[in-house]
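Trainee: Below is a structure I'd like to ask you about.
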Amino acid sequence: MAFLVLPAGLLVLALLAAPMAILFRISLNRFSPTELMVQALTTDNYLQAFQDPYYQNVLMTTLGMALLCTVLALILGFPAAYSLARMESRWKSVVTILTLFPLVVGNVVRSAGWFALIGNDGAINAALRGLGLISEPFQMMYTPGAVIAGIVAVVLPYMILTLSAVIEGIPRQTEEAAANLGARPLVTFRRVVLPLAMPGVAAGSVLVFILCMNAYATPVLLGGPQFKMMAPAVYDQFVRGNNWPFGAALAFLLLAVTMILTTIGSVLLGRRYAR
């Protein structure tokens, strides 16, 4: 059995572990405006990332956006996942494909679609002006709301498909038994469906949270230059500032925060499921 795991392990080691080790080594170097990067072993880059109020604000913004988008994706995705899991129509495969279809479209193309929908000259503003409800365009682009909508639209299919796979494994008889004992639909959901679907809630929430924490294209295109999250901040340090050591430190800070929070969330949800 070990030989079967070995190829995948070597692939992960080559494509993930080795580059991350190199990136960590770069984060310990010093930045020089003339030499760009000076070999060293220092934690100054990490201290700067922790102590700089600007990057503290960027990190808190990223955390807030990721948590909010994860909760919204869960609230919006659970009814859709339940309907998909309980669907017995011959159109179920078509609905599943339609759920997967947004994943085929790249984030840049989706953002262009948001421009056409909520831009100053987009469909919504054009409709509002046509109805005489507004005289000036309603500013929807380059706002936190636009970023939230864009990120939720990206991660929602992941949440729906993860939850649907778990809900399909919940026997219908459990819900029917609860109904026969007098439980109303909301009570059945809270006491029967949700506890049994908790593994899907945990898996979907962790996956979506990781995607939200590392979102890049959507915050850049829909949030504008004034709205900053960690992934665009890392890109700016590498490409625009040429400060590879500090950019690597920011990348590892983002990785560490994401791993710590996902681990804590998984443990808490796991305990909840066990109870």
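Identifiers in this document derive from the order of the structure tokens: chains are assigned A, B, ..., residues are numbered from 1 separately in each chain, and ligands are numbered from 1 in order of occurrence.
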Using only C-alpha atoms, which residues of segment 242-264 of chain A come within 8 Å of segment 27-37 of chain A, and what is the closest atom pair for each, with the distance in Å to one decimal? Give it as CSV, sorted by chain and residue number.

Mentor:
residue,atom,partner,partner_atom,distance
A:Asn242,CA,A:Leu36,CA,6.9
A:Asn243,CA,A:Phe31,CA,6.1
A:Trp244,CA,A:Met37,CA,7.2
A:Pro245,CA,A:Ser27,CA,4.2
A:Phe246,CA,A:Ser27,CA,6.2
A:Gly247,CA,A:Ser27,CA,7.4
A:Ala248,CA,A:Ser27,CA,4.8
A:Ala249,CA,A:Ser27,CA,4.9

Trainee: Can you list, as a ChimeraX atom specification, all residues belonging to segment 61-160 of chain A that DSSP tags as helix (DSSP H, G or I)?

Mentor: /A:61-86,92-104,107-118,123-130,144-160

Trainee: I'd like the contact shell of segment 227-241 of chain A - 7 Å cut-off, only C-alpha atoms, skipping same-chain residues fewer than 5 positions apart - returned as a PDB file with C-alpha atoms, in the first residue's frame.

Mentor:
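The result, stored in out-v9.pdb:
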ATOM      1  CA  VAL A  58      -5.464  44.407   5.563  1.00  0.00           C
ATOM      2  CA  LEU A  59      -5.348  41.155   7.533  1.00  0.00           C
ATOM      3  CA  THR A  61     -10.282  43.049   6.403  1.00  0.00           C
ATOM      4  CA  THR A  62      -9.364  39.709   4.835  1.00  0.00           C
ATOM      5  CA  ASN A 214      -6.853  33.633  -0.751  1.00  0.00           C
ATOM      6  CA  ALA A 215      -9.155  35.503  -3.154  1.00  0.00           C
ATOM      7  CA  TYR A 216      -7.214  37.699  -5.564  1.00  0.00           C
ATOM      8  CA  VAL A 220      -8.775  43.566  -7.271  1.00  0.00           C
ATOM      9  CA  PHE A 246       8.569  40.937   2.771  1.00  0.00           C
ATOM     10  CA  GLY A 247       6.146  39.483   0.196  1.00  0.00           C
ATOM     11  CA  LEU A 250       3.154  38.175   4.098  1.00  0.00           C
ATOM     12  CA  ALA A 251       2.416  34.965   2.187  1.00  0.00           C
ATOM     13  CA  LEU A 254      -1.626  34.498   5.347  1.00  0.00           C
TER      14      LEU A 254
END

Trainee: Please report, as a tab-separated table, each residue of segment 148-185 of chain A lying at most 10 Å from segment 84-97 of chain A, together with the nearest pair of atoms and the separation in Å rounded to one decimal; use only C-alpha atoms, and order rows by chain and ascending residue number.

Mentor:
residue	atom	partner	partner_atom	distance
A:Pro157	CA	A:Thr96	CA	9.7
A:Ile160	CA	A:Leu84	CA	8.5
A:Leu161	CA	A:Thr96	CA	8.3
A:Leu163	CA	A:Ala85	CA	8.6
A:Ser164	CA	A:Ala85	CA	5.1
A:Ala165	CA	A:Ala85	CA	7.1
A:Val166	CA	A:Ala85	CA	8.5
A:Ile167	CA	A:Ala85	CA	6.1
A:Glu168	CA	A:Ala85	CA	5.0
A:Gly169	CA	A:Ala85	CA	8.8
A:Ile170	CA	A:Ala85	CA	9.5
A:Arg172	CA	A:Arg86	CA	8.6

Trainee: Could you save those same residues with C-alpha atoms as a short mmCIF file (atom, residue, chain, number, x, y, z; two decimals), in the first residue's frame?

Mentor:
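And here is the file that came out, result.cif:
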data_model
loop_
_atom_site.label_atom_id
_atom_site.label_comp_id
_atom_site.auth_asym_id
_atom_site.auth_seq_id
_atom_site.Cartn_x
_atom_site.Cartn_y
_atom_site.Cartn_z
CA PRO A 157 -20.96 26.04 -6.07
CA ILE A 160 -23.61 23.47 -2.61
CA LEU A 161 -21.87 20.41 -4.01
CA LEU A 163 -23.35 19.83 1.29
CA SER A 164 -25.39 18.00 -1.33
CA ALA A 165 -23.08 15.00 -1.27
CA VAL A 166 -23.51 14.67 2.52
CA ILE A 167 -27.26 15.32 2.58
CA GLU A 168 -27.80 12.58 -0.02
CA GLY A 169 -26.45 10.12 2.55
CA ILE A 170 -29.07 11.11 5.16
CA ARG A 172 -35.31 10.17 4.21
#

Trainee: What is the atom CA of Met159 of chain A-atom CA of Gly204 of chain A distance in Å, reported with one decimal?

Mentor: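 Separation of atom CA of Met159 of chain A and atom CA of Gly204 of chain A: 5.0 Å.
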